[in-house]
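Q: Just so it is clear, I am handing over start.tsv, which has TSV, C-alpha atoms.
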chain	number	residue	atom	x	y	z
A	1	MET	CA	-30.04	49.58	-38.59
A	2	SER	CA	-33.79	49.92	-38.02
A	3	TRP	CA	-34.54	46.50	-39.55
A	4	LEU	CA	-31.45	44.87	-37.98
A	5	THR	CA	-32.49	45.54	-34.37
A	6	PRO	CA	-35.67	43.38	-34.40
A	7	VAL	CA	-33.78	40.67	-36.28
A	8	LEU	CA	-31.05	40.59	-33.61
A	9	VAL	CA	-33.66	40.56	-30.83
A	10	LEU	CA	-35.41	37.63	-32.49
A	11	LEU	CA	-32.13	35.74	-32.87
A	12	ALA	CA	-31.35	36.38	-29.18
A	13	ILE	CA	-34.74	34.96	-28.19
A	14	LEU	CA	-34.03	31.90	-30.34
A	15	GLY	CA	-30.76	31.35	-28.47
A	16	ALA	CA	-28.11	32.74	-30.84
A	17	PRO	CA	-24.71	33.28	-29.13
A	18	LEU	CA	-24.45	36.78	-27.65
A	19	PHE	CA	-20.97	37.44	-29.08
A	20	ALA	CA	-22.26	36.71	-32.60
A	21	LEU	CA	-25.11	39.21	-32.22
A	22	ILE	CA	-22.80	41.91	-30.85
A	23	ALA	CA	-20.29	41.27	-33.63
A	24	ALA	CA	-23.01	41.42	-36.29
A	25	SER	CA	-24.27	44.72	-34.89
A	26	ALA	CA	-20.77	46.21	-34.78
A	27	LEU	CA	-19.84	45.00	-38.30
A	28	TRP	CA	-23.07	46.33	-39.81
A	29	SER	CA	-22.65	49.69	-38.06
A	30	PHE	CA	-19.09	50.10	-39.31
A	31	TYR	CA	-20.14	49.00	-42.79
A	32	GLN	CA	-22.94	51.58	-42.85
A	33	ALA	CA	-20.48	54.26	-41.75
A	34	ASP	CA	-18.01	53.17	-44.47
A	35	ILE	CA	-15.37	52.22	-41.87
A	36	ASP	CA	-12.86	49.46	-42.55
A	37	LEU	CA	-14.20	46.28	-40.95
A	38	GLN	CA	-10.68	45.35	-39.86
A	39	VAL	CA	-11.28	47.65	-36.89
A	40	VAL	CA	-13.00	44.72	-35.14
A	41	ALA	CA	-9.82	42.64	-35.43
A	42	ILE	CA	-7.86	45.62	-34.12
A	43	GLU	CA	-10.02	45.60	-30.98
A	44	PHE	CA	-9.04	41.98	-30.32
A	45	TRP	CA	-5.41	42.98	-30.75
A	46	GLY	CA	-6.03	45.77	-28.27
A	47	ILE	CA	-7.28	43.47	-25.51
A	48	ALA	CA	-4.35	41.14	-26.15
A	49	GLU	CA	-2.04	44.01	-25.19
A	50	MET	CA	-3.76	44.62	-21.82
A	51	PRO	CA	-1.54	43.03	-19.11
A	52	ILE	CA	-4.31	43.17	-16.50
A	53	LEU	CA	-6.35	40.65	-18.50
A	54	LEU	CA	-3.77	37.99	-17.66
A	55	ALA	CA	-5.32	37.93	-14.19
A	56	ILE	CA	-8.63	36.59	-15.48
A	57	PRO	CA	-7.50	33.17	-16.83
A	58	LEU	CA	-4.99	32.69	-14.00
A	59	PHE	CA	-7.45	33.35	-11.16
A	60	THR	CA	-10.11	31.27	-12.94
A	61	PHE	CA	-7.76	28.31	-13.35
A	62	ALA	CA	-6.74	28.54	-9.68
A	63	GLY	CA	-10.40	28.58	-8.63
A	64	TYR	CA	-11.28	25.54	-10.71
A	65	LEU	CA	-8.29	23.67	-9.28
A	66	LEU	CA	-9.48	24.47	-5.76
A	67	SER	CA	-12.93	23.13	-6.56
A	68	GLU	CA	-11.43	19.81	-7.72
A	69	SER	CA	-9.40	19.34	-4.54
A	70	GLN	CA	-10.48	18.74	-0.94
A	71	ALA	CA	-10.30	22.48	-0.24
A	72	PRO	CA	-14.12	22.83	0.05
A	73	GLN	CA	-14.24	20.23	2.83
A	74	ARG	CA	-11.34	21.83	4.69
A	75	LEU	CA	-12.91	25.26	4.33
A	76	VAL	CA	-16.23	24.04	5.74
A	77	ARG	CA	-14.43	22.38	8.66
A	78	LEU	CA	-12.49	25.54	9.49
A	79	THR	CA	-15.52	27.83	9.37
A	80	THR	CA	-17.47	25.28	11.45
A	81	ALA	CA	-14.75	25.33	14.11
A	82	LEU	CA	-14.74	29.14	14.19
A	83	ILE	CA	-18.45	29.99	14.05
A	84	GLY	CA	-20.33	26.68	14.32
A	85	TRP	CA	-21.12	27.39	17.99
A	86	MET	CA	-23.31	30.39	17.08
A	87	PRO	CA	-27.11	30.18	16.75
A	88	ALA	CA	-27.89	28.88	13.26
A	89	GLY	CA	-24.16	28.26	13.06
A	90	LEU	CA	-24.27	25.91	10.09
A	91	ALA	CA	-26.24	28.44	8.02
A	92	ILE	CA	-23.60	31.09	8.75
A	93	VAL	CA	-20.86	28.56	7.96
A	94	ALA	CA	-22.51	27.94	4.59
A	95	LEU	CA	-22.72	31.67	3.80
A	96	ALA	CA	-19.10	32.35	4.76
A	97	ALA	CA	-17.72	29.30	2.95
A	98	CYS	CA	-19.68	30.01	-0.23
A	99	ALA	CA	-18.61	33.67	-0.27
A	100	PHE	CA	-14.94	32.76	0.12
A	101	PHE	CA	-15.11	30.05	-2.51
A	102	THR	CA	-16.95	32.15	-5.11
A	103	ALA	CA	-14.42	34.96	-4.68
A	104	PHE	CA	-11.69	32.62	-5.94
A	105	THR	CA	-13.61	30.61	-8.51
A	106	GLY	CA	-15.36	33.65	-10.01
A	107	ALA	CA	-18.34	31.44	-10.79
A	108	SER	CA	-21.18	30.97	-8.33
A	109	GLY	CA	-22.36	27.86	-10.16
A	110	VAL	CA	-19.09	26.11	-9.36
A	111	THR	CA	-19.63	26.95	-5.69
A	112	ILE	CA	-23.12	25.41	-5.70
A	113	VAL	CA	-21.77	22.21	-7.22
A	114	ALA	CA	-18.61	22.03	-5.07
A	115	LEU	CA	-20.05	22.99	-1.68
A	116	GLY	CA	-23.68	21.99	-2.18
A	117	ALA	CA	-22.85	18.30	-1.82
A	118	ILE	CA	-21.30	19.02	1.59
A	119	LEU	CA	-23.59	21.68	3.03
A	120	PHE	CA	-27.05	20.59	1.88
A	121	PRO	CA	-27.12	17.13	3.54
A	122	ALA	CA	-25.37	18.52	6.63
A	123	MET	CA	-28.08	21.16	7.04
A	124	GLN	CA	-30.80	18.54	6.59
A	125	GLN	CA	-29.27	16.44	9.36
A	126	ALA	CA	-29.02	19.50	11.63
A	127	GLY	CA	-32.76	20.05	11.41
A	128	TYR	CA	-32.97	23.00	9.01
A	129	GLY	CA	-36.04	23.17	6.77
A	130	ASP	CA	-35.68	21.76	3.27
A	131	ARG	CA	-36.88	24.95	1.57
A	132	PHE	CA	-34.51	27.06	3.67
A	133	ASN	CA	-31.58	24.81	2.75
A	134	LEU	CA	-32.32	25.06	-0.97
A	135	GLY	CA	-32.70	28.83	-0.81
A	136	LEU	CA	-29.55	29.40	1.21
A	137	VAL	CA	-27.19	27.23	-0.84
A	138	THR	CA	-28.55	28.64	-4.11
A	139	SER	CA	-28.38	32.27	-2.94
A	140	ALA	CA	-25.03	32.07	-1.16
A	141	GLY	CA	-23.34	31.01	-4.38
A	142	SER	CA	-23.18	34.60	-5.65
A	143	LEU	CA	-22.08	36.32	-2.43
A	144	GLY	CA	-18.36	36.29	-3.18
A	145	LEU	CA	-18.62	38.46	-6.31
A	146	LEU	CA	-17.76	41.59	-4.30
A	147	PHE	CA	-14.66	40.10	-2.67
A	148	ALA	CA	-11.16	39.95	-4.16
A	149	PRO	CA	-10.10	38.42	-6.48
A	150	SER	CA	-13.59	38.16	-7.98
A	151	LEU	CA	-13.60	37.84	-11.77
A	152	PRO	CA	-16.47	40.36	-12.31
A	153	LEU	CA	-14.61	42.93	-10.19
A	154	ILE	CA	-11.53	42.58	-12.38
A	155	LEU	CA	-13.56	42.72	-15.59
A	156	TYR	CA	-15.39	45.87	-14.45
A	157	GLY	CA	-12.04	47.51	-13.66
A	158	VAL	CA	-10.77	46.68	-17.15
A	159	VAL	CA	-13.88	47.99	-18.90
A	160	ALA	CA	-14.34	51.10	-16.75
A	161	GLU	CA	-10.58	51.76	-16.44
A	162	VAL	CA	-10.79	51.86	-12.65
A	163	PRO	CA	-7.78	50.61	-10.61
A	164	ILE	CA	-8.47	47.02	-9.61
A	165	ASP	CA	-7.00	47.49	-6.14
A	166	GLN	CA	-9.54	50.27	-5.51
A	167	LEU	CA	-12.37	47.95	-6.48
A	168	PHE	CA	-11.05	45.21	-4.20
A	169	LEU	CA	-11.22	47.66	-1.29
A	170	ALA	CA	-14.56	49.13	-2.36
A	171	GLY	CA	-16.22	45.71	-2.32
A	172	LEU	CA	-15.23	44.76	1.24
A	173	LEU	CA	-17.83	46.62	3.33
A	174	PRO	CA	-20.75	46.06	0.89
A	175	GLY	CA	-19.83	42.38	0.67
A	176	PHE	CA	-19.74	42.00	4.45
A	177	LEU	CA	-23.05	43.88	4.70
A	178	MET	CA	-24.74	41.35	2.42
A	179	LEU	CA	-23.23	38.50	4.45
A	180	LEU	CA	-24.43	40.12	7.68
A	181	VAL	CA	-27.98	40.64	6.39
A	182	LEU	CA	-28.31	37.03	5.21
A	183	SER	CA	-26.76	35.77	8.45
A	184	ALA	CA	-29.26	37.80	10.51
A	185	TYR	CA	-32.13	36.43	8.44
A	186	SER	CA	-30.82	32.88	8.85
A	187	VAL	CA	-30.56	33.25	12.63
A	188	TRP	CA	-34.09	34.67	12.86
A	189	GLN	CA	-35.56	32.05	10.53
A	190	ASN	CA	-34.01	29.19	12.51
A	191	ARG	CA	-34.44	30.63	16.00
A	192	ALA	CA	-36.22	27.41	17.04
A	193	ILE	CA	-33.00	25.44	16.47
A	194	ARG	CA	-31.30	25.83	19.83
A	195	THR	CA	-28.61	23.20	19.49
A	196	PRO	CA	-25.39	24.66	18.08
A	197	LEU	CA	-23.60	22.88	15.28
A	198	ALA	CA	-20.60	22.30	17.53
A	199	ASP	CA	-19.22	23.45	20.86
A	200	PHE	CA	-16.38	25.90	20.50
A	201	SER	CA	-13.06	24.15	20.97
A	202	TRP	CA	-9.61	25.63	20.59
A	203	ARG	CA	-8.36	22.14	19.87
A	204	GLU	CA	-10.73	21.81	16.89
A	205	VAL	CA	-9.84	25.32	15.69
A	206	TRP	CA	-6.17	24.36	15.77
A	207	ALA	CA	-6.80	21.04	14.04
A	208	ALA	CA	-8.98	22.64	11.33
A	209	SER	CA	-6.41	25.41	10.84
A	210	ARG	CA	-3.65	22.84	10.42
A	211	ALA	CA	-5.76	20.96	7.90
A	212	ALA	CA	-6.42	24.17	5.95
A	213	CYS	CA	-2.89	25.50	6.35
A	214	TRP	CA	-2.39	25.54	2.58
A	215	GLU	CA	-5.61	27.49	1.86
A	216	ILE	CA	-5.35	30.08	4.65
A	217	PRO	CA	-2.40	31.96	3.06
A	218	LEU	CA	-4.27	32.49	-0.24
A	219	PRO	CA	-6.15	35.72	0.62
A	220	ILE	CA	-3.11	36.96	2.55
A	221	VAL	CA	-0.85	36.39	-0.47
A	222	VAL	CA	-3.30	37.96	-2.93
A	223	LEU	CA	-4.38	41.02	-0.96
A	224	GLY	CA	-1.18	41.48	1.02
A	225	GLY	CA	0.95	41.26	-2.10
A	226	ILE	CA	-1.21	43.75	-4.01
A	227	TYR	CA	-1.58	46.39	-1.29
A	228	SER	CA	2.02	46.15	-0.12
A	229	GLY	CA	3.13	46.87	-3.67
A	230	THR	CA	4.92	43.53	-3.96
A	231	PHE	CA	2.68	42.28	-6.79
A	232	ALA	CA	0.73	43.82	-9.59
A	233	ILE	CA	-2.74	42.28	-10.08
A	234	SER	CA	-1.55	40.04	-12.90
A	235	GLU	CA	1.51	38.98	-10.89
A	236	ALA	CA	-0.68	38.15	-7.89
A	237	ALA	CA	-2.83	36.01	-10.19
A	238	ALA	CA	0.25	34.17	-11.48
A	239	VAL	CA	1.51	33.54	-7.94
A	240	THR	CA	-1.94	32.27	-6.89
A	241	ALA	CA	-2.23	29.89	-9.85
A	242	ALA	CA	1.31	28.56	-9.34
A	243	TYR	CA	0.73	28.15	-5.60
A	244	VAL	CA	-2.55	26.24	-6.01
A	245	LEU	CA	-1.04	24.08	-8.75
A	246	LEU	CA	1.99	23.24	-6.60
A	247	VAL	CA	-0.06	22.47	-3.48
A	248	ASP	CA	-2.97	20.50	-4.97
A	249	VAL	CA	-1.03	18.57	-7.62
A	250	LEU	CA	2.46	18.03	-6.19
A	251	ILE	CA	2.24	18.39	-2.41
A	252	LEU	CA	-1.24	17.19	-1.39
A	253	ARG	CA	-1.73	15.23	-4.65
A	254	GLU	CA	-5.50	15.71	-4.52
A	255	VAL	CA	-5.62	16.55	-8.23
A	256	LYS	CA	-4.07	14.02	-10.57
A	257	LEU	CA	-1.79	15.15	-13.38
A	258	ARG	CA	-4.03	13.44	-15.91
A	259	GLU	CA	-6.93	15.63	-14.73
A	260	LEU	CA	-5.14	18.91	-15.49
A	261	PRO	CA	-6.03	19.06	-19.22
A	262	ARG	CA	-9.73	18.65	-18.39
A	263	ILE	CA	-9.61	21.33	-15.66
A	264	MET	CA	-7.74	23.70	-17.96
A	265	ARG	CA	-10.26	23.13	-20.72
A	266	GLU	CA	-13.28	23.70	-18.47
A	267	SER	CA	-11.87	26.86	-16.89
A	268	MET	CA	-10.75	28.34	-20.20
A	269	ILE	CA	-14.16	27.80	-21.79
A	270	LEU	CA	-15.47	30.40	-19.34
A	271	VAL	CA	-12.51	32.71	-19.96
A	272	GLY	CA	-12.71	32.31	-23.75
A	273	GLY	CA	-16.36	33.27	-23.79
A	274	ILE	CA	-15.65	36.40	-21.76
A	275	MET	CA	-12.73	37.41	-24.00
A	276	ILE	CA	-14.75	37.03	-27.21
A	277	ILE	CA	-17.60	39.10	-25.79
A	278	LEU	CA	-15.12	41.71	-24.56
A	279	GLY	CA	-13.42	41.98	-27.95
A	280	VAL	CA	-16.56	42.40	-30.05
A	281	SER	CA	-18.24	44.64	-27.49
A	282	ARG	CA	-15.24	46.99	-27.48
A	283	ALA	CA	-15.75	47.46	-31.21
A	284	SER	CA	-19.47	48.03	-30.73
A	285	THR	CA	-18.87	50.43	-27.83
A	286	ASN	CA	-16.30	52.47	-29.78
A	287	TYR	CA	-18.80	52.88	-32.60
A	288	MET	CA	-21.50	54.04	-30.19
A	289	ILE	CA	-19.08	56.52	-28.60
A	290	ASP	CA	-18.17	57.90	-32.03
A	291	ALA	CA	-21.88	58.13	-32.84
A	292	GLY	CA	-22.51	60.13	-29.67
A	293	VAL	CA	-24.77	57.55	-28.01
A	294	PRO	CA	-23.52	58.31	-24.44
A	295	GLN	CA	-24.24	62.02	-24.96
A	296	GLN	CA	-27.73	61.22	-26.22
A	297	LEU	CA	-28.28	58.92	-23.25
A	298	LEU	CA	-27.08	61.66	-20.86
A	299	ALA	CA	-29.44	64.18	-22.42
A	300	TRP	CA	-32.34	61.75	-22.12
A	301	VAL	CA	-31.57	60.87	-18.50
A	302	SER	CA	-31.02	64.53	-17.58
A	303	GLY	CA	-34.49	65.30	-18.88
A	304	MET	CA	-35.98	62.76	-16.48
A	305	VAL	CA	-33.88	63.16	-13.32
A	306	ASP	CA	-32.24	66.18	-11.73
A	307	SER	CA	-30.29	64.79	-8.78
A	308	PRO	CA	-27.78	62.02	-7.99
A	309	LEU	CA	-30.38	60.34	-5.74
A	310	ALA	CA	-32.94	60.16	-8.55
A	311	PHE	CA	-30.27	58.88	-10.94
A	312	LEU	CA	-29.26	56.11	-8.51
A	313	LEU	CA	-32.90	55.09	-8.13
A	314	MET	CA	-33.32	54.90	-11.90
A	315	LEU	CA	-30.04	53.00	-12.19
A	316	LEU	CA	-31.12	50.48	-9.56
A	317	LEU	CA	-34.41	49.77	-11.32
A	318	PHE	CA	-32.65	49.51	-14.69
A	319	LEU	CA	-30.05	47.05	-13.37
A	320	LEU	CA	-32.70	44.88	-11.72
A	321	VAL	CA	-34.40	44.48	-15.10
A	322	LEU	CA	-31.05	44.02	-16.88
A	323	GLY	CA	-29.95	41.32	-14.44
A	324	ALA	CA	-33.07	39.31	-15.22
A	325	ILE	CA	-32.28	39.09	-18.94
A	326	LEU	CA	-28.48	39.32	-19.27
A	327	ASP	CA	-25.60	37.54	-17.56
A	328	ILE	CA	-23.22	39.61	-15.47
A	329	PHE	CA	-20.19	39.37	-17.79
A	330	SER	CA	-22.11	40.45	-20.89
A	331	ALA	CA	-23.75	43.28	-18.95
A	332	ILE	CA	-20.39	44.62	-17.80
A	333	VAL	CA	-18.85	44.86	-21.26
A	334	LEU	CA	-22.03	46.07	-22.96
A	335	VAL	CA	-23.61	48.49	-20.51
A	336	VAL	CA	-20.83	49.92	-18.32
A	337	PRO	CA	-19.20	52.02	-21.10
A	338	LEU	CA	-22.58	53.66	-21.74
A	339	ILE	CA	-23.69	54.41	-18.19
A	340	LEU	CA	-20.25	55.36	-16.80
A	341	PRO	CA	-20.09	58.86	-18.37
A	342	VAL	CA	-23.72	59.48	-17.37
A	343	ALA	CA	-22.97	58.47	-13.77
A	344	GLN	CA	-19.94	60.73	-13.64
A	345	GLN	CA	-22.08	63.67	-14.74
A	346	PHE	CA	-24.23	63.08	-11.67
A	347	GLY	CA	-21.20	62.85	-9.39
A	348	VAL	CA	-21.27	59.06	-8.87
A	349	HIS	CA	-17.78	57.71	-8.17
A	350	PRO	CA	-16.73	55.00	-10.68
A	351	ALA	CA	-15.83	52.59	-7.85
A	352	HIS	CA	-19.23	53.10	-6.20
A	353	LEU	CA	-20.91	52.62	-9.57
A	354	GLY	CA	-19.03	49.35	-10.00
A	355	ILE	CA	-20.09	47.98	-6.61
A	356	VAL	CA	-23.71	49.01	-7.19
A	357	PHE	CA	-23.58	47.45	-10.66
A	358	LEU	CA	-22.17	44.12	-9.47
A	359	ALA	CA	-24.26	43.93	-6.29
A	360	THR	CA	-27.44	44.48	-8.29
A	361	MET	CA	-26.46	42.23	-11.18
A	362	GLN	CA	-25.70	39.36	-8.82
A	363	LEU	CA	-29.43	39.33	-8.04
A	364	GLY	CA	-29.83	38.25	-11.66
A	365	TYR	CA	-28.43	34.85	-10.65
A	366	LEU	CA	-31.69	34.39	-8.71
A	367	THR	CA	-34.10	36.02	-11.17
A	368	PRO	CA	-35.88	34.29	-14.07
A	369	PRO	CA	-35.59	33.95	-17.02
A	370	VAL	CA	-31.74	33.85	-16.93
A	371	GLY	CA	-31.31	32.93	-13.23
A	372	LEU	CA	-28.21	30.76	-13.71
A	373	ASN	CA	-28.06	29.69	-10.05
A	374	LEU	CA	-31.68	28.55	-10.19
A	375	PHE	CA	-30.97	26.16	-13.05
A	376	ILE	CA	-27.71	24.86	-11.56
A	377	ALA	CA	-29.35	24.22	-8.18
A	378	ALA	CA	-32.34	22.53	-9.84
A	379	TYR	CA	-29.94	20.21	-11.67
A	380	ARG	CA	-27.66	19.64	-8.68
A	381	PHE	CA	-30.42	18.87	-6.16
A	382	GLU	CA	-32.85	17.33	-8.66
A	383	ARG	CA	-35.69	19.69	-7.78
A	384	PRO	CA	-38.19	21.57	-10.01
A	385	ILE	CA	-37.04	25.04	-11.01
A	386	GLY	CA	-40.24	26.53	-9.53
A	387	GLU	CA	-39.45	25.02	-6.12
A	388	ILE	CA	-35.93	26.47	-6.24
A	389	TYR	CA	-37.26	29.90	-7.18
A	390	LEU	CA	-39.78	29.97	-4.30
A	391	ALA	CA	-37.05	28.84	-1.89
A	392	THR	CA	-34.77	31.73	-2.88
A	393	LEU	CA	-37.44	34.46	-2.67
A	394	PRO	CA	-36.81	35.41	1.00
A	395	PHE	CA	-33.07	35.54	0.36
A	396	PHE	CA	-33.67	37.63	-2.76
A	397	VAL	CA	-35.66	40.15	-0.72
A	398	ALA	CA	-32.92	40.32	1.95
A	399	LEU	CA	-30.25	40.83	-0.71
A	400	LEU	CA	-32.39	43.47	-2.43
A	401	LEU	CA	-32.61	45.46	0.81
A	402	SER	CA	-28.81	45.22	1.11
A	403	VAL	CA	-28.35	46.42	-2.47
A	404	ALA	CA	-30.62	49.41	-1.83
A	405	LEU	CA	-28.52	50.36	1.20
A	406	ILE	CA	-25.30	49.97	-0.81
A	407	THR	CA	-26.73	52.11	-3.61
A	408	PHE	CA	-27.92	55.04	-1.53
A	409	TRP	CA	-25.09	55.00	1.04
A	410	PRO	CA	-21.92	55.56	-1.02
A	411	TRP	CA	-19.79	55.61	2.13
A	412	LEU	CA	-19.92	51.81	2.22
A	413	SER	CA	-18.10	51.61	-1.10
A	414	LEU	CA	-15.77	54.58	-0.66
A	415	ALA	CA	-14.80	54.52	3.02
A	416	LEU	CA	-11.69	52.37	2.51
A	417	LEU	CA	-10.42	54.15	-0.63
Please re-express this file's structure in structure tokens.
A:
Amino acid sequence: MSWLTPVLVLLAILGAPLFALIAASALWSFYQADIDLQVVAIEFWGIAEMPILLAIPLFTFAGYLLSESQAPQRLVRLTTALIGWMPAGLAIVALAACAFFTAFTGASGVTIVALGAILFPAMQQAGYGDRFNLGLVTSAGSLGLLFAPSLPLILYGVVAEVPIDQLFLAGLLPGFLMLLVLSAYSVWQNRAIRTPLADFSWREVWAASRAACWEIPLPIVVLGGIYSGTFAISEAAAVTAAYVLLVDVLILREVKLRELPRIMRESMILVGGIMIILGVSRASTNYMIDAGVPQQLLAWVSGMVDSPLAFLLMLLLFLLVLGAILDIFSAIVLVVPLILPVAQQFGVHPAHLGIVFLATMQLGYLTPPVGLNLFIAAYRFERPIGEIYLATLPFFVALLLSVALITFWPWLSLALL
């Protein structure tokens, strides 16, 4: 294994697919331990028998359908009617709309593409600075990852074996905190803009609500159905997908039937990649557990820290580095099984660990060299990647302060459980 590690690192640098590197590591480890290599195939069979995983493709498909319809425009209109009268109202509209949309699509890049075309020119016309506009739209794309039915939340629950409904509740207050911090920064940064986006009008609120009458029930159906006990998570996902399909294809007819195969293909490419990584990483994780790697990690960490506070500080620094080099889905399936038992030894609740993990890893969307949102925004707005990165720096700092508060104040994550 000593010679394999640098080889795998080199292949990763050269751009080899992550699932292939994980699979190679797992297969070689099992081969060295004289274990039947069919165990890797058994792990794929194991994830196929997990009913909760049905929620991932269904929610993802529903989110991609929403992005292809006129739902983004209706959502922006509704949030404008409700909060556009506030100082820096359009900036707050952008944050709220992006958070809601990312929660359902599970992919912040989709949000940048879908809402960026609406929000960016509107903010330019309203007098907001160009750099501020770039930074806000790029940063806001990841805000919805802590809100139900976020795909990373579901995946963390599957990997860590934490009830998904607990994670949905645990993410509410931290998610709203991050929204509040970015909203406060936006108001302060644009304090010179005195003219509100729009005067408050009950007539416009009513008209925007009527226009968005098909989208408004979505969070009520998902969360209400889950917490009332009417739906399991996978059933809520099925209802959501069927509802969005019925509304956008048959009732509003904003998505043509001929477009469905393309939308299915694009959404399932994301899901397929996650499932492959999950399958091979389960095999790799099981080998590491059998080899006692978590116990060795615990012994090493215990020798360096002696309190939950010190552990959380080390965890925060580790995740900041991890988020810069690994995407959030790969990090969940690779790292969570290793750090979960260590966190439990220091008294960190699994739900709190999950929120800290996801809140910190979402900063990776804004951090080179991976920085997926940076590249998507650079492509979408035809700007140099360096310009996008400088524009997001203030938002990154604001989000980092929020993440620190979430990390060291567990009440935020656990108050609603």
Q: Measuring atom to atom with only C-alpha atoms, identify which of A:Pro174, A:Gly323, A:Gly157, A:Gly386 is nearest to Leu416 (chain A).
A: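 The closest residue to Leu416 (chain A) is A:Pro174.
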Q: Which is closer to Leu374 (chain A) than all the others in A:Ala62, A:Val356, A:Ile216, A:Ala324, using only C-alpha atoms?
A: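 Under the stated criterion, the closest residue is A:Ala324.
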Q: If we count only C-alpha atoms, what is near region 264-275 of chain A at a cut-off of 8 Å, once residues fewer than 2 positions away on the same chain are taken out, given as an mmCIF file with C-alpha atoms, in the coordinates of the input?
A:
data_model
loop_
_atom_site.group_PDB
_atom_site.id
_atom_site.type_symbol
_atom_site.label_atom_id
_atom_site.label_comp_id
_atom_site.auth_asym_id
_atom_site.auth_seq_id
_atom_site.Cartn_x
_atom_site.Cartn_y
_atom_site.Cartn_z
ATOM 1 C CA ILE A 56 -8.630 36.590 -15.480
ATOM 2 C CA PRO A 57 -7.500 33.170 -16.830
ATOM 3 C CA THR A 60 -10.110 31.270 -12.940
ATOM 4 C CA PHE A 61 -7.760 28.310 -13.350
ATOM 5 C CA TYR A 64 -11.280 25.540 -10.710
ATOM 6 C CA LEU A 260 -5.140 18.910 -15.490
ATOM 7 C CA PRO A 261 -6.030 19.060 -19.220
ATOM 8 C CA ARG A 262 -9.730 18.650 -18.390
ATOM 9 C CA ILE A 277 -17.600 39.100 -25.790
ATOM 10 C CA LEU A 278 -15.120 41.710 -24.560
ATOM 11 C CA GLY A 279 -13.420 41.980 -27.950
ATOM 12 C CA PHE A 329 -20.190 39.370 -17.790
ATOM 13 C CA SER A 330 -22.110 40.450 -20.890
#
Q: Looking at all atoms listed in the file, which of A:Leu119, A:Ala20, A:Leu75, A:Ala170 is the one that sits closest to Cys213 (chain A)?
A: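 Once distances to Cys213 (chain A) are computed over all atoms listed in the file, the minimum belongs to A:Leu75.
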Q: Could you jot down the CA of Trp85 (chain A) to CA of Phe200 (chain A) separation for me, Å, one decimal place?
A: 5.6 Å
Q: Hey, which of A:Phe357, A:Phe168, A:Tyr31, A:Phe375 ends up closest to Ala343 (chain A)? Count only C-alpha atoms.
A: A:Phe357
Q: Near Tyr243 (chain A), within 9 Å and counting only C-alpha atoms, which residues show up once chain neighbours fewer than 5 positions away are dropped, as a PyMOL selection string?
A: chain A and resi 62+218+238+248
Q: Work out how far apart CA of Leu21 (chain A) and CA of Ile276 (chain A) are and give it in Å to one decimal.
A: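 Going from CA of Leu21 (chain A) over to CA of Ile276 (chain A) covers 11.7 Å.
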Q: Find the residues with any atom within 8 Å of (-25.9, 30.5, -9.5); use only C-alpha atoms and the coordinates as given in the file, and write the answer as a JSON list (two decimals) with C-alpha atoms, in the frame of the given file.
A:
[["chain", "number", "residue", "atom", "x", "y", "z"],
["A", 107, "ALA", "CA", -18.34, 31.44, -10.79],
["A", 108, "SER", "CA", -21.18, 30.97, -8.33],
["A", 109, "GLY", "CA", -22.36, 27.86, -10.16],
["A", 112, "ILE", "CA", -23.12, 25.41, -5.70],
["A", 138, "THR", "CA", -28.55, 28.64, -4.11],
["A", 139, "SER", "CA", -28.38, 32.27, -2.94],
["A", 141, "GLY", "CA", -23.34, 31.01, -4.38],
["A", 142, "SER", "CA", -23.18, 34.60, -5.65],
["A", 365, "TYR", "CA", -28.43, 34.85, -10.65],
["A", 366, "LEU", "CA", -31.69, 34.39, -8.71],
["A", 371, "GLY", "CA", -31.31, 32.93, -13.23],
["A", 372, "LEU", "CA", -28.21, 30.76, -13.71],
["A", 373, "ASN", "CA", -28.06, 29.69, -10.05],
["A", 374, "LEU", "CA", -31.68, 28.55, -10.19],
["A", 375, "PHE", "CA", -30.97, 26.16, -13.05],
["A", 376, "ILE", "CA", -27.71, 24.86, -11.56],
["A", 377, "ALA", "CA", -29.35, 24.22, -8.18]]
Q: Just region 374-393 of chain A from the block, C-alpha atoms, as a compact mmCIF listing (two decimals), in the first residue's frame, could you?
A:
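Everything below was put into out22.txt:
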# COMPACT_ATOMS: atom_id res chain seq x y z
CA LEU A 374 -16.27 30.05 -9.15
CA PHE A 375 -15.90 28.19 -12.43
CA ILE A 376 -19.64 28.08 -13.15
CA ALA A 377 -20.01 31.82 -12.48
CA ALA A 378 -16.95 32.60 -14.61
CA TYR A 379 -18.51 30.64 -17.48
CA ARG A 380 -22.03 32.00 -16.95
CA PHE A 381 -21.05 35.68 -16.70
CA GLU A 382 -18.01 35.46 -19.01
CA ARG A 383 -15.61 36.89 -16.44
CA PRO A 384 -12.05 35.82 -15.47
CA ILE A 385 -11.92 33.33 -12.62
CA GLY A 386 -9.65 35.69 -10.65
CA GLU A 387 -12.26 38.45 -10.81
CA ILE A 388 -14.96 36.06 -9.57
CA TYR A 389 -12.75 34.91 -6.70
CA LEU A 390 -12.00 38.48 -5.54
CA ALA A 391 -15.71 39.33 -5.75
CA THR A 392 -16.65 36.43 -3.47
CA LEU A 393 -14.00 37.11 -0.80
